[in-house]
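As provided, model.csv (CSV, C-alpha atoms and all ligand atoms) reads as follows.
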```
chain,number,residue,atom,x,y,z
Z,21,MET,CA,32.5,18.0,38.8
Z,22,THR,CA,30.0,20.9,39.2
Z,23,ILE,CA,30.8,23.5,41.8
Z,24,ALA,CA,28.1,24.6,44.4
Z,25,PHE,CA,27.1,28.3,44.4
Z,26,ILE,CA,26.7,28.0,48.2
Z,27,ASP,CA,27.9,24.8,49.7
Z,28,LEU,CA,25.9,24.2,52.9
Z,29,ALA,CA,27.0,20.5,53.1
Z,30,ALA,CA,30.6,21.4,53.8
Z,31,GLN,CA,29.6,23.4,56.9
Z,32,GLN,CA,27.2,20.7,58.0
Z,33,ALA,CA,29.9,18.1,57.8
Z,34,ARG,CA,32.0,20.2,60.1
Z,35,ILE,CA,29.4,20.4,62.9
Z,36,ARG,CA,27.1,17.5,62.1
Z,37,ALA,CA,27.7,15.7,65.4
Z,38,ARG,CA,26.9,18.9,67.4
Z,39,LEU,CA,23.8,19.6,65.4
Z,40,ASP,CA,22.5,16.1,65.9
Z,41,SER,CA,22.9,16.4,69.6
Z,42,ALA,CA,21.4,19.9,69.7
Z,43,ILE,CA,18.4,18.7,67.8
Z,44,GLY,CA,18.1,15.6,69.9
Z,45,GLU,CA,18.1,17.8,73.0
Z,46,VAL,CA,15.1,19.8,71.7
Z,47,LEU,CA,13.3,16.6,70.9
Z,48,ASN,CA,14.0,15.2,74.4
Z,49,GLN,CA,12.9,18.4,76.0
Z,50,GLY,CA,9.8,18.9,73.8
Z,51,ARG,CA,9.5,22.7,74.1
Z,52,TYR,CA,9.2,23.5,70.4
Z,53,ILE,CA,7.9,27.1,70.7
Z,54,MET,CA,10.0,29.6,72.8
Z,55,GLY,CA,12.1,26.8,74.4
Z,56,PRO,CA,15.1,27.8,76.4
Z,57,GLN,CA,17.4,27.7,73.3
Z,58,VAL,CA,15.6,30.7,71.9
Z,59,ALA,CA,16.5,33.1,74.7
Z,60,GLU,CA,20.0,31.6,74.8
Z,61,PHE,CA,20.5,32.2,71.1
Z,62,GLU,CA,19.2,35.8,71.4
Z,63,ARG,CA,21.6,36.4,74.3
Z,64,GLN,CA,24.6,35.1,72.3
Z,65,LEU,CA,23.6,37.0,69.2
Z,66,ALA,CA,23.3,40.3,71.0
Z,67,ALA,CA,26.7,39.7,72.6
Z,68,PHE,CA,28.2,38.9,69.1
Z,69,CYS,CA,27.4,42.3,67.7
Z,70,GLY,CA,27.3,44.4,70.9
Z,71,ALA,CA,23.6,45.3,70.8
Z,72,THR,CA,21.7,45.6,74.0
Z,73,HIS,CA,18.7,43.6,72.9
Z,74,CYS,CA,18.1,40.8,70.3
Z,75,LEU,CA,14.6,39.5,69.5
Z,76,SER,CA,14.3,36.5,67.2
Z,77,CYS,CA,11.3,36.1,64.8
Z,78,ALA,CA,10.1,33.9,62.0
Z,79,ASN,CA,12.1,35.4,59.1
Z,80,GLY,CA,13.9,38.5,57.9
Z,81,THR,CA,10.8,40.0,56.2
Z,82,ASP,CA,8.8,39.8,59.4
Z,83,ALA,CA,11.8,41.4,61.2
Z,84,LEU,CA,11.5,44.4,58.9
Z,85,GLN,CA,7.7,44.5,59.4
Z,86,LEU,CA,8.0,44.2,63.2
Z,87,ALA,CA,10.6,47.1,63.1
Z,88,LEU,CA,8.2,49.4,61.2
Z,89,MET,CA,5.4,48.4,63.5
Z,90,ALA,CA,7.4,49.2,66.6
Z,91,LEU,CA,8.4,52.6,65.2
Z,92,GLY,CA,4.7,53.3,64.5
Z,93,VAL,CA,5.0,53.7,60.8
Z,94,LYS,CA,1.6,54.3,59.2
Z,95,ALA,CA,-0.4,55.7,56.3
Z,96,GLY,CA,1.0,59.0,55.1
Z,97,ASP,CA,4.5,58.1,56.1
Z,98,ALA,CA,7.4,57.8,53.6
Z,99,VAL,CA,9.9,55.1,54.1
Z,100,PHE,CA,13.1,55.4,52.0
Z,101,VAL,CA,14.5,52.2,50.6
Z,102,PRO,CA,17.0,51.3,48.0
Z,103,ALA,CA,15.8,50.1,44.6
Z,104,PHE,CA,18.7,47.8,44.2
Z,105,THR,CA,17.9,45.2,46.8
Z,106,PHE,CA,15.7,42.1,47.5
Z,107,ALA,CA,12.0,42.8,47.5
Z,108,SER,CA,11.5,42.3,51.2
Z,109,THR,CA,13.1,45.7,52.0
Z,110,ALA,CA,10.3,47.5,50.3
Z,111,GLU,CA,7.5,45.0,50.6
Z,112,VAL,CA,6.7,45.5,54.2
Z,113,VAL,CA,6.1,49.3,53.7
Z,114,PRO,CA,2.9,49.2,51.7
Z,115,PHE,CA,1.7,46.3,53.9
Z,116,LEU,CA,1.5,48.9,56.7
Z,117,ASN,CA,-0.1,51.4,54.3
Z,118,ALA,CA,3.0,53.6,54.3
Z,119,THR,CA,4.7,54.7,51.0
Z,120,PRO,CA,8.1,53.3,49.9
Z,121,VAL,CA,10.2,55.9,48.2
Z,122,PHE,CA,13.0,54.5,46.1
Z,123,VAL,CA,16.6,55.7,46.5
Z,124,ASP,CA,19.5,55.1,44.1
Z,125,CYS,CA,22.7,53.2,45.0
Z,126,LEU,CA,26.4,54.1,44.7
Z,127,PRO,CA,28.2,52.4,41.8
Z,128,ASP,CA,31.2,51.3,43.9
Z,129,THR,CA,29.6,49.8,47.1
Z,130,PHE,CA,26.1,49.1,45.7
Z,131,ASN,CA,24.7,50.6,48.9
Z,132,MET,CA,22.3,53.6,49.4
Z,133,ASP,CA,23.5,56.9,47.9
Z,134,PRO,CA,23.2,59.7,50.5
Z,135,GLU,CA,22.7,62.4,47.8
Z,136,SER,CA,19.9,60.4,46.3
Z,137,LEU,CA,18.3,60.0,49.7
Z,138,LYS,CA,18.4,63.8,50.2
Z,139,ARG,CA,16.6,64.4,46.9
Z,140,ALA,CA,14.1,61.7,47.7
Z,141,ILE,CA,13.3,63.3,51.0
Z,142,VAL,CA,12.6,66.7,49.4
Z,143,HIS,CA,10.4,65.0,46.8
Z,144,ALA,CA,8.4,62.9,49.4
Z,145,LYS,CA,7.7,66.1,51.3
Z,146,SER,CA,6.5,67.8,48.1
Z,147,LEU,CA,4.0,64.9,47.7
Z,148,GLY,CA,2.7,65.6,51.2
Z,149,LEU,CA,4.3,62.6,52.7
Z,150,ASN,CA,5.8,62.6,56.2
Z,151,PRO,CA,9.5,61.3,56.2
Z,152,ALA,CA,9.4,58.6,58.9
Z,153,CYS,CA,12.1,56.1,58.3
Z,154,VAL,CA,15.1,55.1,56.1
Z,155,ILE,CA,16.1,51.5,55.6
Z,156,PRO,CA,19.7,51.2,54.3
Z,157,VAL,CA,20.6,47.6,53.2
Z,158,ASP,CA,24.1,46.0,53.8
Z,159,LEU,CA,24.0,44.7,50.3
Z,160,PHE,CA,26.1,41.6,49.6
Z,161,GLY,CA,27.4,41.7,53.2
Z,162,LEU,CA,29.0,45.2,53.1
Z,163,PRO,CA,27.7,47.8,55.6
Z,164,ALA,CA,26.0,50.8,54.2
Z,165,ASP,CA,27.5,54.3,54.6
Z,166,TYR,CA,25.9,54.9,58.0
Z,167,ASP,CA,28.0,57.9,58.9
Z,168,SER,CA,26.5,59.8,56.0
Z,169,LEU,CA,23.0,58.3,56.1
Z,170,VAL,CA,22.2,58.5,59.8
Z,171,PRO,CA,22.8,62.3,60.1
Z,172,ILE,CA,20.5,62.9,57.0
Z,173,ALA,CA,17.8,60.8,58.7
Z,174,ARG,CA,18.2,62.7,62.0
Z,175,GLU,CA,18.0,66.1,60.3
Z,176,ASN,CA,14.7,65.0,59.0
Z,177,GLY,CA,13.4,63.5,62.2
Z,178,MET,CA,13.6,60.0,60.9
Z,179,LYS,CA,14.5,56.6,62.4
Z,180,VAL,CA,17.0,54.2,60.8
Z,181,ILE,CA,16.4,50.5,60.3
Z,182,GLY,CA,19.4,48.6,59.0
Z,183,ASP,CA,18.4,45.7,56.8
Z,184,SER,CA,21.3,43.4,57.5
Z,185,ALA,CA,19.8,40.2,56.2
Z,186,GLN,CA,23.0,39.8,54.1
Z,187,GLY,CA,25.4,41.6,56.4
Z,188,PHE,CA,25.0,40.4,60.0
Z,189,GLY,CA,28.3,40.5,61.8
Z,190,ALA,CA,30.0,42.8,59.2
Z,191,GLY,CA,32.4,45.4,60.5
Z,192,TYR,CA,31.8,49.2,60.3
Z,193,LYS,CA,34.6,51.4,61.7
Z,194,GLY,CA,35.1,49.5,64.9
Z,195,ARG,CA,31.4,48.5,65.3
Z,196,ILE,CA,29.5,45.5,64.1
Z,197,THR,CA,26.2,45.6,62.2
Z,198,GLY,CA,23.4,45.0,64.6
Z,199,ALA,CA,24.6,47.7,66.9
Z,200,ILE,CA,24.5,50.7,64.6
Z,201,CYS,CA,20.9,51.7,63.8
Z,202,ASP,CA,17.8,52.3,65.9
Z,203,ILE,CA,16.8,48.8,64.9
Z,204,THR,CA,18.8,46.3,62.8
Z,205,THR,CA,17.1,43.3,61.2
Z,206,THR,CA,18.6,40.1,59.9
Z,207,SER,CA,17.5,36.8,58.2
Z,208,PHE,CA,18.6,33.2,58.9
Z,209,PHE,CA,17.4,32.0,55.5
Z,210,PRO,CA,19.7,29.0,54.8
Z,211,ALA,CA,21.8,30.8,52.1
Z,212,LYS,CA,22.5,33.9,54.2
Z,213,PRO,CA,25.9,34.2,55.8
Z,214,LEU,CA,24.4,33.0,59.2
Z,215,GLY,CA,21.6,30.7,58.1
Z,216,CYS,CA,19.4,28.0,59.8
Z,217,TYR,CA,17.6,25.0,58.3
Z,218,GLY,CA,14.4,26.8,57.5
Z,219,ASP,CA,13.2,30.3,58.0
Z,220,GLY,CA,14.3,32.6,60.8
Z,221,GLY,CA,15.1,36.2,61.5
Z,222,ALA,CA,16.0,38.6,64.3
Z,223,LEU,CA,15.9,42.3,65.3
Z,224,PHE,CA,18.5,44.2,67.4
Z,225,THR,CA,18.0,47.4,69.3
Z,226,ASP,CA,19.5,49.3,72.2
Z,227,SER,CA,16.2,50.8,73.2
Z,228,ASP,CA,14.3,49.2,76.1
Z,229,GLU,CA,11.0,50.7,74.8
Z,230,LEU,CA,11.4,49.3,71.2
Z,231,LYS,CA,12.5,46.0,72.6
Z,232,ALA,CA,9.2,45.8,74.7
Z,233,LEU,CA,7.1,46.7,71.7
Z,234,ILE,CA,8.8,44.2,69.3
Z,235,ASP,CA,8.4,41.5,71.9
Z,236,SER,CA,4.7,42.3,72.2
Z,237,PHE,CA,4.1,42.6,68.4
Z,238,ARG,CA,5.8,39.3,67.6
Z,239,VAL,CA,3.3,37.4,69.9
Z,240,HIS,CA,-0.1,38.7,68.9
Z,241,GLY,CA,0.4,42.1,70.6
Z,242,LYS,CA,0.6,40.4,74.0
Z,243,GLY,CA,0.6,42.3,77.3
Z,244,SER,CA,2.0,41.0,80.5
Z,245,HIS,CA,-0.2,37.9,80.1
Z,246,LYS,CA,-0.4,35.9,76.8
Z,247,TYR,CA,-4.2,36.1,76.6
Z,248,GLN,CA,-4.1,39.9,77.2
Z,249,ASN,CA,-3.8,41.8,73.8
Z,250,GLU,CA,-2.5,45.3,74.1
Z,251,ARG,CA,-2.2,45.9,70.3
Z,252,VAL,CA,-2.8,44.1,67.0
Z,253,GLY,CA,0.3,42.0,66.5
Z,254,MET,CA,1.6,39.0,64.5
Z,255,ASN,CA,2.7,35.4,65.2
Z,256,SER,CA,6.4,35.6,64.3
Z,257,ARG,CA,8.6,33.5,66.5
Z,258,LEU,CA,11.8,31.5,65.8
Z,259,ASP,CA,11.3,27.8,66.3
Z,260,THR,CA,13.3,26.2,69.2
Z,261,LEU,CA,14.8,23.7,66.7
Z,262,GLN,CA,16.1,26.5,64.6
Z,263,ALA,CA,17.5,28.3,67.6
Z,264,ALA,CA,19.3,25.2,68.7
Z,265,ILE,CA,20.8,24.8,65.2
Z,266,LEU,CA,21.8,28.5,65.1
Z,267,ILE,CA,23.6,28.3,68.4
Z,268,GLU,CA,25.9,25.7,66.8
Z,269,LYS,CA,26.3,27.7,63.7
Z,270,LEU,CA,27.0,31.0,65.6
Z,271,ALA,CA,29.8,29.2,67.4
Z,272,ILE,CA,31.8,28.9,64.2
Z,273,TYR,CA,30.5,32.1,62.6
Z,274,ALA,CA,33.5,34.3,63.5
Z,275,ASP,CA,35.8,31.7,61.9
Z,276,GLU,CA,33.6,31.5,58.8
Z,277,ILE,CA,33.7,35.3,58.4
Z,278,GLU,CA,37.6,35.0,58.3
Z,279,ARG,CA,37.4,32.2,55.8
Z,280,ARG,CA,35.1,34.4,53.6
Z,281,GLN,CA,37.8,37.1,53.7
Z,282,ALA,CA,40.4,34.6,52.4
Z,283,VAL,CA,38.0,33.5,49.6
Z,284,ALA,CA,37.3,37.1,48.6
Z,285,ALA,CA,41.0,37.9,48.7
Z,286,ARG,CA,41.8,35.0,46.3
Z,287,TYR,CA,39.1,36.2,43.9
Z,288,ASP,CA,40.5,39.7,44.1
Z,289,ALA,CA,44.0,38.5,43.3
Z,290,GLY,CA,42.8,36.3,40.4
Z,291,LEU,CA,40.3,38.7,38.8
Z,292,SER,CA,41.1,42.3,39.7
Z,293,ASN,CA,43.3,42.9,36.6
Z,294,ARG,CA,40.5,41.8,34.3
Z,295,PHE,CA,37.3,42.8,36.1
Z,296,ASN,CA,35.8,45.4,38.3
Z,297,THR,CA,36.0,43.5,41.6
Z,298,PRO,CA,34.1,44.5,44.8
Z,299,TYR,CA,35.2,47.7,46.6
Z,300,VAL,CA,35.4,47.6,50.4
Z,301,PRO,CA,35.9,51.1,51.9
Z,302,ASP,CA,38.6,51.6,54.6
Z,303,GLY,CA,37.4,50.6,58.1
Z,304,LEU,CA,34.7,48.3,56.7
Z,305,LYS,CA,34.6,44.5,56.6
Z,306,SER,CA,32.1,42.6,54.5
Z,307,VAL,CA,30.8,39.2,55.4
Z,308,TRP,CA,30.6,38.4,51.7
Z,309,ALA,CA,27.0,37.2,51.3
Z,310,GLN,CA,27.9,37.6,47.6
Z,311,TYR,CA,31.1,38.3,45.7
Z,312,THR,CA,29.8,40.5,42.9
Z,313,LEU,CA,31.7,41.6,39.8
Z,314,LYS,CA,30.7,44.5,37.5
Z,315,THR,CA,31.1,43.6,33.8
Z,316,ASP,CA,31.4,46.2,31.1
Z,317,SER,CA,28.0,45.5,29.6
Z,318,GLU,CA,25.0,43.2,29.6
Z,319,ALA,CA,26.5,41.3,26.6
Z,320,ALA,CA,29.8,40.9,28.5
Z,321,ARG,CA,27.8,39.5,31.5
Z,322,ASP,CA,25.9,37.1,29.3
Z,323,ALA,CA,29.2,35.9,27.8
Z,324,LEU,CA,30.8,35.4,31.2
Z,325,ARG,CA,27.8,33.5,32.5
Z,326,ALA,CA,27.8,31.2,29.4
Z,327,ARG,CA,31.5,30.5,29.7
Z,328,ALA,CA,31.2,29.7,33.4
Z,329,LYS,CA,28.2,27.5,32.8
Z,330,ASP,CA,30.1,25.5,30.2
Z,331,ALA,CA,32.8,24.9,32.8
Z,332,GLY,CA,30.4,23.7,35.4
Z,333,VAL,CA,30.6,27.0,37.4
Z,334,PRO,CA,27.3,28.5,38.6
Z,335,THR,CA,26.8,32.2,38.6
Z,336,GLU,CA,23.8,34.4,39.7
Z,337,VAL,CA,22.5,37.9,39.1
Z,338,TYR,CA,21.5,39.8,42.2
Z,339,TYR,CA,19.3,41.6,41.1
Z,340,PRO,CA,18.3,41.6,37.4
Z,341,VAL,CA,15.4,44.1,37.8
Z,342,PRO,CA,15.5,47.0,40.3
Z,343,LEU,CA,12.4,47.3,42.5
Z,344,HIS,CA,11.1,50.5,41.0
Z,345,ARG,CA,10.8,48.6,37.6
Z,346,GLN,CA,8.8,45.7,39.1
Z,347,ASN,CA,5.1,45.6,38.5
Z,348,ALA,CA,4.4,45.5,42.3
Z,349,TYR,CA,6.4,48.7,42.9
Z,350,LYS,CA,6.4,50.8,39.8
Z,351,GLU,CA,3.7,53.2,41.0
Z,352,PHE,CA,5.7,54.4,44.1
Z,353,PRO,CA,7.8,57.6,44.2
Z,354,VAL,CA,11.5,57.6,43.3
Z,355,ASP,CA,14.4,60.0,43.6
Z,356,PRO,CA,13.3,62.8,41.1
Z,357,ALA,CA,16.7,62.5,39.4
Z,358,GLY,CA,15.9,58.9,38.6
Z,359,LEU,CA,17.7,55.7,39.6
Z,360,PRO,CA,20.3,55.4,36.8
Z,361,VAL,CA,22.9,53.6,38.9
Z,362,SER,CA,20.4,50.9,40.1
Z,363,GLU,CA,19.4,50.3,36.5
Z,364,ASP,CA,22.9,50.2,35.3
Z,365,MET,CA,24.0,47.8,38.0
Z,366,SER,CA,21.1,45.5,37.3
Z,367,SER,CA,22.3,45.1,33.8
Z,368,ARG,CA,26.0,44.4,34.5
Z,369,VAL,CA,26.5,42.7,37.9
Z,370,VAL,CA,27.2,39.0,38.3
Z,371,SER,CA,27.9,37.0,41.5
Z,372,LEU,CA,30.3,34.1,41.8
Z,373,PRO,CA,30.2,31.0,44.1
Z,374,MET,CA,30.9,32.2,47.6
Z,375,HIS,CA,31.0,30.3,50.9
Z,376,PRO,CA,33.5,29.8,53.7
Z,377,TYR,CA,34.5,26.3,52.5
Z,378,LEU,CA,35.4,27.1,48.9
Z,379,GLU,CA,38.6,25.3,48.3
Z,380,ARG,CA,41.6,26.7,46.5
Z,381,GLU,CA,41.4,24.2,43.7
Z,382,ALA,CA,37.7,24.9,43.0
Z,383,GLN,CA,38.3,28.6,43.2
Z,384,ASP,CA,41.2,28.4,40.7
Z,385,ARG,CA,38.7,26.6,38.3
Z,386,ILE,CA,36.1,29.3,38.8
Z,387,ILE,CA,38.7,32.1,38.2
Z,388,ALA,CA,39.9,30.4,35.0
Z,389,ALA,CA,36.3,29.9,33.7
Z,390,VAL,CA,35.4,33.5,34.5
Z,391,ILE,CA,38.5,34.9,32.7
Z,392,GLY,CA,37.9,32.5,29.7
P,401,LIG,C1,16.9,37.7,52.4
P,401,LIG,C2,16.6,39.1,52.6
P,401,LIG,C3,15.5,39.6,53.3
P,401,LIG,C4,14.4,38.7,53.8
P,401,LIG,O1,14.7,37.6,54.6
P,401,LIG,P1,13.7,36.4,54.7
P,401,LIG,O2,14.2,35.7,55.9
P,401,LIG,O3,13.9,35.6,53.4
P,401,LIG,O4,12.4,36.9,54.8
P,401,LIG,C5,15.4,41.0,53.5
P,401,LIG,N1,16.3,41.8,53.0
P,401,LIG,C6,17.3,41.4,52.3
P,401,LIG,C7,18.3,42.5,51.7
P,401,LIG,C8,17.5,40.1,52.0
P,401,LIG,O5,18.6,39.7,51.3
```

Written as structure tokens, how would this file's structure read?
Amino acid sequence: MTIAFIDLAAQQARIRARLDSAIGEVLNQGRYIMGPQVAEFERQLAAFCGATHCLSCANGTDALQLALMALGVKAGDAVFVPAFTFASTAEVVPFLNATPVFVDCLPDTFNMDPESLKRAIVHAKSLGLNPACVIPVDLFGLPADYDSLVPIARENGMKVIGDSAQGFGAGYKGRITGAICDITTTSFFPAKPLGCYGDGGALFTDSDELKALIDSFRVHGKGSHKYQNERVGMNSRLDTLQAAILIEKLAIYADEIERRQAVAARYDAGLSNRFNTPYVPDGLKSVWAQYTLKTDSEAARDALRARAKDAGVPTEVYYPVPLHRQNAYKEFPVDPAGLPVSEDMSSRVVSLPMHPYLEREAQDRIIAAVIG
């Protein structure tokens, strides 16, 4: 029997009847764009994390782009992003004619290194760029080091966008991701911790002004009337069907986050004496989008993956090439000290199957296969 890397079917079986009736309700009501479920989902999502406003949109990449648009990021601006992340985090920056500047990560948490950010800011200024914004990522579901990063941003007059596509609902010293940064973005791509059955995304902010701008930008730069255009915007909305599905998924999300803790704890217990298991700093709680080990070398990683594959256990590498080494991004500035940790992590990390419904028996098999 092959084990699923992320088992969406187990979750669906749990709530299938409720999903069917929620979908049926949307079909009966026939309001496919901006139906009442969209506003209801936004209200529940804001309450979940303690943010004042939540605005849904078409996907997590659009959420990042809308955030930069609302902050007025433009040509000549530097936006500081990690190199060890999914492409979306950087992709939206050149799209708005601004310059992504790549920052290294910390070897223990995989998240943005505050010292590297400081060096990158000095470097960006020396290139004549205007430091505008920093986008820490809650990689693999663990919140970034906001208490260090936000003051550095403030000292340099910058805004902070939290890319919590992988980390929505994670805990940070008594707060929840979504209510920490000027704007937080997330994704409901099916495999994310809170996923829908298609594409979806959302933004969170406490600012009334940013909320109004994002609301306008996501619907063609609308004014008070939909055929009044105040600014050049986008078409980026969450479908009513996806909102209806997400309301049912959000209802079990807190329980799923707890189940993910139990799965991670069982991995830790079975693997920590043989491998470098994930580190969670005091006061933080991961939502475990990924459970990621550090092997000793690329060869050790290859061997682990081959062993696991033979035993029917899927593994993945997030991410095999850091963004500053990708063709699309290799011309952009980086921390002048280089990005050695991002490069090292790319060659040694490996992620194991992780989802809230991973049963003990399957997990024992995974642990045995990984140890070999
Ligand atoms: C998935 C992801 C995104 C983009 O989300 P989409 O909904 O796929 O556009 C952005 N940032 C990170 C870190 C992600 O993992």

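Between Ala331 in chain Z and the residues Z:Ala388, Z:Met89, Z:Ala282, Z:Ala319, the shortest atom-to-atom distance, using only C-alpha atoms, involves Z:Ala388.
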
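Atom pair CA of Glu250 in chain Z / CA of Ser236 in chain Z: separated by 8.0 Å.
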
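Between CA of Phe106 in chain Z and atom C6 of ligand LIG 401 (chain P) the separation is 5.1 Å.
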
8 Å contact set for Val354 in chain Z, all atoms listed in the file, chain neighbours under 5 positions out, as a VMD selection string: chain Z and resid 121 to 123 140 344 359

Nearby residues (all atoms listed in the file) at most 10 Å from Leu159 in chain Z, same-chain spacing under 5 positions excluded, as a PDB file with C-alpha atoms, keeping the file's coordinate frame:
```pdb
ATOM      1  CA  PRO Z 102      17.000  51.300  48.000  1.00  0.00           C
ATOM      2  CA  PHE Z 104      18.700  47.800  44.200  1.00  0.00           C
ATOM      3  CA  THR Z 105      17.900  45.200  46.800  1.00  0.00           C
ATOM      4  CA  PHE Z 106      15.700  42.100  47.500  1.00  0.00           C
ATOM      5  CA  THR Z 129      29.600  49.800  47.100  1.00  0.00           C
ATOM      6  CA  PHE Z 130      26.100  49.100  45.700  1.00  0.00           C
ATOM      7  CA  ASN Z 131      24.700  50.600  48.900  1.00  0.00           C
ATOM      8  CA  MET Z 132      22.300  53.600  49.400  1.00  0.00           C
ATOM      9  CA  ALA Z 164      26.000  50.800  54.200  1.00  0.00           C
ATOM     10  CA  ASP Z 183      18.400  45.700  56.800  1.00  0.00           C
ATOM     11  CA  SER Z 184      21.300  43.400  57.500  1.00  0.00           C
ATOM     12  CA  ALA Z 185      19.800  40.200  56.200  1.00  0.00           C
ATOM     13  CA  GLN Z 186      23.000  39.800  54.100  1.00  0.00           C
ATOM     14  CA  GLY Z 187      25.400  41.600  56.400  1.00  0.00           C
ATOM     15  CA  SER Z 306      32.100  42.600  54.500  1.00  0.00           C
ATOM     16  CA  TRP Z 308      30.600  38.400  51.700  1.00  0.00           C
ATOM     17  CA  ALA Z 309      27.000  37.200  51.300  1.00  0.00           C
ATOM     18  CA  GLN Z 310      27.900  37.600  47.600  1.00  0.00           C
ATOM     19  CA  TYR Z 338      21.500  39.800  42.200  1.00  0.00           C
TER      20      TYR Z 338
END
```

Spatial neighbours of Tyr52 in chain Z, max dist 7 Å, all atoms listed in the file, sep filter under 4 positions, as an NGL selection string: :Z and (259-261)
